[in-house]
Every structure is written in structure tokens, then in C-alpha cells.
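Here the structure is laid out as C-alpha cells; the discussion comes afterwards.
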Amino acid sequence: MPANRSRLSRITVAAPAAAALVLGTIAVATPAIADSNPSGPVTAKALPGTHPDWATPQADTGAVPAGTAATARIYLAGRDQAGLDAFAKAVSDPNSPQYGQFLSADQVQSRFGTSPEQVKAVSQWLTGAGLSITETNQHYIQVSGTTDQLTRALGTQFRNYRTPDGVHKAPAADAVVPAQVAADVAGVSGLADSVQKATSNAVSQSAAESAGQSGAKAATAGRQTSLPTDPTCSDNGFGSKIAYGAPQGYEKNEPFAPCSYVPSQLRKAYGVTKSGLTGKGARVAIVDAYGLGTMEADADHFSAAHGDKPFAPGQYSEVVTPDQWQHQADCGDWSGEEALDVEMVHGLAPDANVVYVGANSCYDQDLTAALNKIVDNHLADIVSNSWGEIMHGKSGDLDPGVIAADNQALERGAAEGITFMASAGDCGDNSPTAAATGVNCQADTNQAQTQWPSASPWITGVGGTALELKDKSGSYGHEVSMGDRRSVLSTDQQSWTPFPGNFYFGGGGGVSKDFPQPWYQQGVVPNNISTVAADGTKSATPLRATPDVAMSGDLVAATLVGYTPAGGAYSEGGYGGTSVSSPEFAAMMADAIQARGGRPVGFANPSLYDRAGTRAFNDVNDAAVHTARGNVVDLGTVGGVLKVRLYKIGADQGLAAAKGYDTATGVGSPGAGFFKSFSLRHGNALGQDDDNQGDQQ
């Protein structure tokens with residue numbers, strides 16, 4: 001452990017996760033204590049950010065008629081938000097006397113959850129304004145009524161505003177919660193009628209090609225070439241097959257891209273095989289939207305096809321409510337994402353129990369409900385979320401009510417000892433420049449930024465790498481950051497165009513201007529990184545940097561996935577994205593729980609940052625890789641047409657891996673000493689290597 005971490009870990013957290021945000025962007029108030037005076041009465045509480053930025057006077061088209069139907073969700077704060085902040089930190093910090101002294105789900109609810117008195121008080125406030133309550137639980141109260149009734153409850157009128165995608169209604173000013181319930185309300189969502197939803201952070205190679213630039217046919221007529229006329233790939237390690245006959249690119253005779261990786265290769269590369277760990281005794285939950293009816297059978301088919309064992313009876317389970325699914329046309333098909341997540345967890349932790357929790361849509365409120373379902377019932381020790389969304393866009397900022405509700409779920413999970421992780425995205429710095437050519441970007445972005453929920457201080461954000469294997473068995477060779485720039489073969493087959501290539505696909509990360517630096521990043525993330533937000537805004541105090549860790553996820557060095565689409569037949573194809581990385585790391589943490597004798601890790605970031613700079617992690621450093629190892633040619637058939645592409649890898653948009661912590665790969669990928677650092681046999685009181693030395697992979 002680095003010497004400067006032992007004391008820094010004991011520093012009181014700079015600010016709670018839900019504290020007012022730092023650079024004037026999305027303001028999220030601390031639910032139970034905001035606008036309160038410890039020595040005086042609680043006052044009315046404004047909810048900054050409920051009036052969206054796009055609702056400007058210039059865009060105003062008039063008041064919404066008073067009788068217009070409206071709905072809203074009021075998120076409840078719970079009994080003691082400040083106490084939850086402190087407890088979640090204490091049980092998560094390896095240097096705290098309370099480390100690992102987690103509570104049960106019932107104990108968390110009893111100590112920090114919403115009380116019946118709070119529900120009653122908030123309900124009376126809402127019905128007193130004429131609103132009807134349509135749903136009530138310990139997390140929120142859903143109401144319906146009219147805009148004039150919402151105005152009565154929240155103190156703001158509703159008006160119509162012109163936006164790029166039509167006219168939308170929104171509050172004319174920030175909503176205000178009256179004093180008598182100010183301490184009981186965490187936030188309010190749904191006041192503006194713009195849609196806010198998450199997207200999958202996975203892309204299949206075929207889908208990416210369809211969304212990307214078109215390529216030229218690799219025909220041989222009129223030009224002598226030794227390129228194959230059928231799809232091919234490097235099947236004996238990275239760079240094992242050279243693309244002779246291709247035009248010169250970044251150097252002469254670049255190799256073909258590697259064949260899509262399978263779990264046995266990933267297990268060997270990241271030390272799982274050598275460790276003998278299988279995740280036995282751990283429970284991993286996966287959150288996506290909807291559910292694939294053939295998932296268990298598909299996972300068993302995939303395992304058998306690649307030499308692995310299928311799920312044992314009862315090892316896989318699902319929590320889905322198909323009768324409540326909604327917004328499918330808007331959210332699209334999540335089947336490939338689900339298959340990827342399940343097969344990655346099972347592949348790297350083959351004896352871990354896996355529970356799939358399908359949200360009723362990709363909309364924020366439904367995904368939040370899925371997180372709460374896991375925490376309320378303690379369904380798992382580890383939770384992987386391979387989805388995300390930008391926090392700032394042309395159509396407005398992410399709803400602060402959703403941020404407050406998600407953070408509260410994550411903190412309650414930390415109190416129970418649940419490890420949450422989220423993929424960091426596939427669009428580099430998420431800037432408009434990246435979105436202009438990237439294949440998995442949100443076009444709505446208006447600035448370089450991080451994604452939600454990976455930017456939360458209470459989650460482990462997982463970035464991506466391009467993993468280079470030495471051989472077919474999966475021996476670890478090297479890693480660079482996940483970032484691809486692409487060119488295609490010109491029509492005359494004499495050159496690559498454009499050259500250098502445009503940004504195509506890359507791991508997410510950066511510094512969030514929305515959250516102060518959490519305590520566990522102090523002493524590890526340098527100030528020259530933490531005080532400059534992704535969009536270039538400078539801060540007088542350090543900010544939350546992402547990602548925290550990284551694993552293989554590049555689209556060029558892809559991962560194989562197999563599943564049966566609706567109405568189709570089982571098939572396999574390559575996938576990329578930090579959607580690969582998140583379930584991979586979830587499986588690694590399941591293996592780590594087994595190494596700890598079955599003891600859960602809980603909120604993992606304090607433990608992970610305490611291991612920064614040790615052999616627990618590979619310090620990914622793009623600058624240390626020779627350029628010839630960072631570029632590949634891909635030859636594949638898309639829509640019946642053979643296409644040839646050139647990729648420069650380790651070339652993310654706005655992000656790069658460097659020595660030490662960086663915003664492309666965090667503290668690095670799991671290294672030779674990762675499992676030993678968690679082992680009861682080798683670890684000290686903190687569960688770390690005594691000598692920071694681990695076995696070679």
C-alpha cells in the first residue's frame with residue numbers, strides 16, 4: 001500500500017454524495033439536512049435543477065393550461081441522510097474500525113429508511129394540493145393530477161417551451177418543497193415532459209459497422225493483392241497474422257485484428273485460472289432493461305460451445321415483470337446486452353450465483369426502481385450496470401431527483417455490503433467532437449463530460465482497455481486504453497480514407513464537475529487531473545474523477561457473445577464496450593469474495609484505491625506501447641459485402657492512459673496480485689498484500 005494512503009483514508013469525507021453540486025450545474029440537495037438549521041426550524045427547500053436550462057424566456061410559448069394532466073414522482077429522503085452518509089463511509093473504508101460491519105436490509109430500512117410518519121406527512125401535503133396518489137412505497141410517492149395542482153404543491157407555474165425536438169412543458173422556476181416536509185423529500189422528478197433514459201454501453205461489431213462509415217469492397221480485380229477474400233483474424237495472439245497486401249497505414253504490414261475473445265482466454269489473462277477461484281459463494285446481480293426469454297439456455301449453449309460448464313440447477317435466476325414492460329419502441333432491443341452481461345459474469349466466475357434483474361424500461365425511473373429492488377431484498381453481493389447516460393445535453397440536464405434517488409440506493413447498498421459498478425461509456429470524453437463520428441455516442445451532448453451513474457461517488461466506474469493476448473490460450477501480453485480511430489479502404493484500394501482515421505469507439509471517463517472529490521481518491525488522483533473538469537472548467541477544489549478501474553472491452557479486440565434473438569436462431573458475434581468491462585469486473589469481485597472466505601467487500605472503491613500502485617493492478621500506459629502493436633486491419637463481411645478497415649487503437653477521444661491514475665483506465669486493470677491482495681491467506685488486516693508482491697499470471 002502506498003505510504004500516503006494509510007492516513008488519507010481516515011480523513012472525513014469532503015462532502016456527502018448528495019451535497020449541492022460544485023460548479024453550478026445540476027444541483028442535488030442533501031435530502032434530510034438541506035436548508036435546515038440545527039438550532040432552528042426547518043425552512044422551505046428549493047430543488048435546484050427542476051427548472052431545466054432549455055426552458056428560457058426566449059423559448060417560452062405560453063402557459064400550460066391549468067387543467068392539463070400531469071404526473072410527478074416525489075422521492076423520499078429517509079430518516080437520517082447524514083447518518084447514512086457517515087455509516088456507509090465507515091463500513092466501506094478499510095482503515096475504519098467499523099469496516100465490514102454491514103447491516104441487513106431490514107436493519108438499513110429500520111435505521112435509515114423512510115418512516116410511516118414521513119410517508120403520511122408527504123402524502124398529506126400532496127393530497128392537500130388536490131393531487132391523487134397512484135403509488136406509494138418506501139422510496140417514492142407517485143402522483144397524478146393537473147398542472148395547477150402541481151403549482152399549488154411546488155410553488156412554480158408550468159409553461160411551454162420550444163426545443164430542438166418540439167414543444168415541451170417545464171416548470172417556469174425551480175420547485176420548492178414547503179418547510180413541513182422539507183426534511184422528508186429527497187427530490188422530485190418528472191416535472192418536465194422531456195424523456196430521460198439510459199442506453200446500453202455495448203455494441204456488436206455488425207451493428208457498429210452499420211452505424212459507421214461505409215467501406216469499399218475488397219475485390220481483387222484490377223489490382224494485385226494478397227489480402228484474403230474471406231473474413232479472417234489473428235487467431236494465435238495479438239498480431240499473429242499479418243495483413244500483407246494492404247496499403248501502408250500507420251506503418252507497413254499491420255496485423256489483422258484478434259479473433260473475438262472467449263471466457264477461458266479472459267480468465268487466463270486476468271489471473272483467474274491460476275488462482276483457482278470460481279466465485280463460489282458469491283451472488284452477482286445484473287441490471288438491464290426487459291428480459292430475454294432464452295437467457296439461461298443461451299448461456300448454457302455458449303458455455304458448452306467454448307469448453308465451459310453450464311449453470312447448475314438454481315444457479316441462475318431472474319426477476320422480471322413482463323406485464324409491466326413499457327417504452328419498448330423507444331428503448332430498443334436489450335437482448336444482446338443481457339446476454340453479454342450474463343455470459344461474462346458466468347465466464348469469469350463460473351460458480352457464482354447470477355440473478356438477472358430486468359427494469360421495466362430504459363427510462364431512469366424504472367432503472368432506479370430495479371436498483372432499489374436489489375437493495376431492499378439484498379438480492380446480491382455485487383451488482384453490474386452496463387448502461388448509462390450523459391448528465392448534460394442540448395435538451396437539458398439529468399433530472400436531479402433521479403441523481404438523489406440513485407445515490408440514496410447506492411449508499412443503502414453500501415451499508416448492506418453490496419458492491420455496485422457501472423460501465424463508464426463508449427464515447428471517450430462524450431464531447432460533441434466524439435459524438436460526431438463515434439458509433440455509441442449520444443448526439444444530444446453539448447460538452448465533454450462523464451456518464452451517469454458511473455460518475456456517482458458511490459459506485460465503481462469501470463472503463464475499458466484493448467487487451468493484447470500473447471497466444472491463443474490467453475496469456476496476458478499488454479493493454480492500452482480502449483479507443484479506436486478508423487479508416488476504410490479507398491475505392492481504388494490504394495490508400496486508407498480518411499487518414500489518420502476518425503474517432504470511432506472508445507472507453508468513457510473524465511472529471512465530473514457535478515461532484516466533489518470523494519475521500520478515497522485523495523492522495524491517488526493528482527490535483528492537476530481532479531481540478532479540471534472534462535469540459536475544461538477549472539475548480540478551486542478537487543472533483544470526482546472517473547473511471548475507477550478498467551478491463552478488456554474494445555470493439556476491435558472484441559468479446560464473443562451468443563444468444564437467440566426474438567424470432568431468430570442462436571448465433572454468436574463479437575461485442576465491445578465498457579458493457580463488457582463492467583460484468584467482467586463484477587465477476588472478478590465475485591472471485592475476490594471467495595478469496596476472502598465469503599466475506600463481502602461492500603462499496604469497493606476505498607479498497608481499490610488503497611491498492612493503487614501495487615501489483616494488484618496493471619498500470620495501463622499507452623505511451624509505453626510501440627506503435628506497431630497499436631494498429632490493426634479488420635476484414636469482415638457486412639451485409640454480404642467484404643469490407644476492409646484500419647484501426648488505430650489506444651487512441652481515445654480526449655482521454656489517454658498514462659503512468660499512475662488516469663481518466664481512461666483509472667488505477668488500472670486487475671493485475672498479477674489482485675486476488676492475493678484479497679486473500680485471507682496472504683492479506684493483512686486490510687486484506688492487502690504485505691509486500692505488494694503477487695504471483696505472475
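We label chains A, B, ... in the order they appear in the C-alpha cells, count residues from 1 in each chain, and number ligands from 1 in the order shown.
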Output as CSV one row per residue of region 603-650 of chain A within 10 Å of region 513-537 of chain A: the closest atom pair and its distance in Å to one decimal place, counting only C-alpha atoms, sorted by chain and residue number ascending.
residue,atom,partner,partner_atom,distance
A:Asn605,CA,A:Tyr520,CA,6.8
A:Pro606,CA,A:Tyr520,CA,5.1
A:Ser607,CA,A:Tyr520,CA,8.5
A:Leu608,CA,A:Tyr520,CA,8.8
A:Tyr609,CA,A:Tyr520,CA,6.4
A:Asp610,CA,A:Tyr520,CA,7.9
A:Ala612,CA,A:Val524,CA,7.3
A:Gly613,CA,A:Val524,CA,8.9
Name the residues in contact with Gly166 (chain A) at a cut-off of 12 Å, using only C-alpha atoms, excluding same-chain residues fewer than 2 positions from it; report them as a compact mmCIF listing (two decimals) with N, CA, C and O atoms, in the first residue's frame.
# COMPACT_ATOMS: atom_id res chain seq x y z
N TRP A 54 -33.06 24.50 -20.72
CA TRP A 54 -33.65 24.80 -22.03
C TRP A 54 -34.94 25.60 -21.94
O TRP A 54 -35.42 26.13 -22.94
N ALA A 59 -37.51 30.94 -25.39
CA ALA A 59 -38.19 29.77 -25.94
C ALA A 59 -39.62 29.63 -25.44
O ALA A 59 -40.34 28.72 -25.85
N THR A 61 -43.41 29.71 -25.05
CA THR A 61 -44.55 29.87 -25.97
C THR A 61 -45.86 30.06 -25.24
O THR A 61 -46.92 30.06 -25.86
N ASN A 160 -44.92 26.24 -21.64
CA ASN A 160 -44.45 25.50 -22.81
C ASN A 160 -43.23 26.20 -23.40
O ASN A 160 -43.17 27.44 -23.45
N TYR A 161 -42.26 25.40 -23.85
CA TYR A 161 -41.02 25.95 -24.40
C TYR A 161 -40.65 25.23 -25.69
O TYR A 161 -40.81 24.01 -25.81
N ARG A 162 -40.16 26.01 -26.65
CA ARG A 162 -39.66 25.42 -27.90
C ARG A 162 -38.31 24.76 -27.65
O ARG A 162 -37.44 25.33 -26.99
N THR A 163 -38.13 23.55 -28.17
CA THR A 163 -36.86 22.84 -28.08
C THR A 163 -36.54 22.26 -29.45
O THR A 163 -37.42 22.24 -30.34
N PRO A 164 -35.32 21.77 -29.68
CA PRO A 164 -34.97 21.20 -30.98
C PRO A 164 -35.87 20.04 -31.40
O PRO A 164 -36.01 19.76 -32.59
N HIS A 168 -42.07 21.49 -25.39
CA HIS A 168 -42.18 20.70 -24.16
C HIS A 168 -42.58 21.60 -23.00
O HIS A 168 -42.22 22.78 -22.96
N LYS A 169 -43.31 21.01 -22.05
CA LYS A 169 -43.67 21.76 -20.85
C LYS A 169 -42.59 21.57 -19.79
O LYS A 169 -41.92 20.54 -19.74
N ASP A 193 -41.57 17.39 -19.33
CA ASP A 193 -42.02 16.21 -20.08
C ASP A 193 -41.01 15.74 -21.12
O ASP A 193 -41.34 14.94 -21.99
N SER A 194 -39.76 16.20 -21.04
CA SER A 194 -38.72 15.66 -21.91
C SER A 194 -38.34 14.27 -21.41
O SER A 194 -38.35 14.00 -20.21
N SER A 395 -30.96 19.14 -24.66
CA SER A 395 -32.34 19.13 -24.19
C SER A 395 -32.44 19.22 -22.68
O SER A 395 -33.51 19.03 -22.11
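Shortest separation to Ser303 (chain A) among A:Ala587, A:Ala405, A:Ala69, A:Ala339 occurs at residue A:Ala339, atoms counted being only C-alpha atoms.
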Taking 4 positions as the minimum chain separation for residues in the same chain, which residues sit within 7 Å of region 237-254 of chain A when counting only C-alpha atoms? Answer as a list in words.
Thr225, Ser226, Leu227, Pro258, Glu468, Leu469, Lys470, Asp471, Lys472, Gln494, Ser495, Trp496, Ala628, Asn631, Val632 and Val633 of chain A
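Between CA of His327 (chain A) and CA of Asn372 (chain A) the interatomic distance comes to 20.3 Å.
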With DSSP run on the backbone, what are the strand (DSSP E or B) residues within region 159-287 of chain A? I'd like them as number ranges by chain.
A: 159-163, 166-171, 175-177, 185-189, 197, 199-200, 203-204, 217, 232, 234, 242, 255-256, 258, 261, 283-287
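When the distance limit is 8 Å and only C-alpha atoms are what count, the residues near Ser423 (chain A), minus those fewer than 2 positions from it on the same chain, are Asn201, Asn385, Ser386, Trp387, Gly388, Met421, Gly425, Ser454, Gly461, Val462, Gly463, Thr578, Ser579, Ser581 and Ser582 of chain A.
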Please provide as a ChimeraX atom specification all residues within 7 Å of Ala186 (chain A), with the sequence filter that same-chain residues fewer than 6 positions apart are discarded (counting only C-alpha atoms).
/A:31,75-77,404
Go ahead and save the picked residues with N, CA, C and O atoms, as a PDB file, in the first residue's frame.
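Dumped to result.pdb:
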ATOM      1  N   PRO A  31     -30.828  15.231   1.056  1.00  0.00           N
ATOM      2  CA  PRO A  31     -32.252  15.110   1.338  1.00  0.00           C
ATOM      3  C   PRO A  31     -32.680  15.516   2.737  1.00  0.00           C
ATOM      4  O   PRO A  31     -33.548  16.352   2.894  1.00  0.00           O
ATOM      5  N   TYR A  75     -39.451  11.617  -4.508  1.00  0.00           N
ATOM      6  CA  TYR A  75     -38.558  10.677  -3.846  1.00  0.00           C
ATOM      7  C   TYR A  75     -38.404  11.054  -2.376  1.00  0.00           C
ATOM      8  O   TYR A  75     -38.213  12.227  -2.038  1.00  0.00           O
ATOM      9  N   LEU A  76     -38.494  10.052  -1.515  1.00  0.00           N
ATOM     10  CA  LEU A  76     -38.479  10.256  -0.074  1.00  0.00           C
ATOM     11  C   LEU A  76     -37.057  10.177   0.477  1.00  0.00           C
ATOM     12  O   LEU A  76     -36.240   9.384   0.011  1.00  0.00           O
ATOM     13  N   ALA A  77     -36.786  11.005   1.489  1.00  0.00           N
ATOM     14  CA  ALA A  77     -35.411  11.180   1.959  1.00  0.00           C
ATOM     15  C   ALA A  77     -34.971  10.138   2.973  1.00  0.00           C
ATOM     16  O   ALA A  77     -33.776   9.877   3.117  1.00  0.00           O
ATOM     17  N   ALA A 404     -30.430  12.045  -6.934  1.00  0.00           N
ATOM     18  CA  ALA A 404     -30.589  11.883  -5.490  1.00  0.00           C
ATOM     19  C   ALA A 404     -31.103  10.492  -5.149  1.00  0.00           C
ATOM     20  O   ALA A 404     -30.622   9.851  -4.198  1.00  0.00           O
TER      21      ALA A 404
END
May I have the residues within 8 Å of Pro263 (chain A) as a VMD selection string, using only C-alpha atoms and disregarding those fewer than 4 positions away in the same chain?
chain A and resid 267 344 347 to 348
With only C-alpha atoms as the basis for distance, which of A:Ser115, A:Gln98, A:Thr419, A:Asn377 is at the shortest distance from Met589 (chain A)?
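Checking each candidate against Met589 (chain A), we get A:Thr419 as the closest.
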Can you work out which one of A:Thr232, A:Asn618, A:Asn360, A:Ser275 has the shortest atom-to-atom distance to Val320 (chain A), counting only C-alpha atoms?
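For Val320 (chain A), the nearest of the candidates is A:Asn360.
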Identify which of the residues A:Phe499, A:Phe256, A:Tyr316, A:Phe420 lies closest to Leu635 (chain A), counting only C-alpha atoms when measuring atom-to-atom distances.
A:Phe256
May I ask which of the residues A:Cys427, A:Cys331, A:Leu191, A:Leu467 is the closest one to Val439 (chain A), counting only C-alpha atoms?
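Distance minimum relative to Val439 (chain A) lands on A:Cys427.
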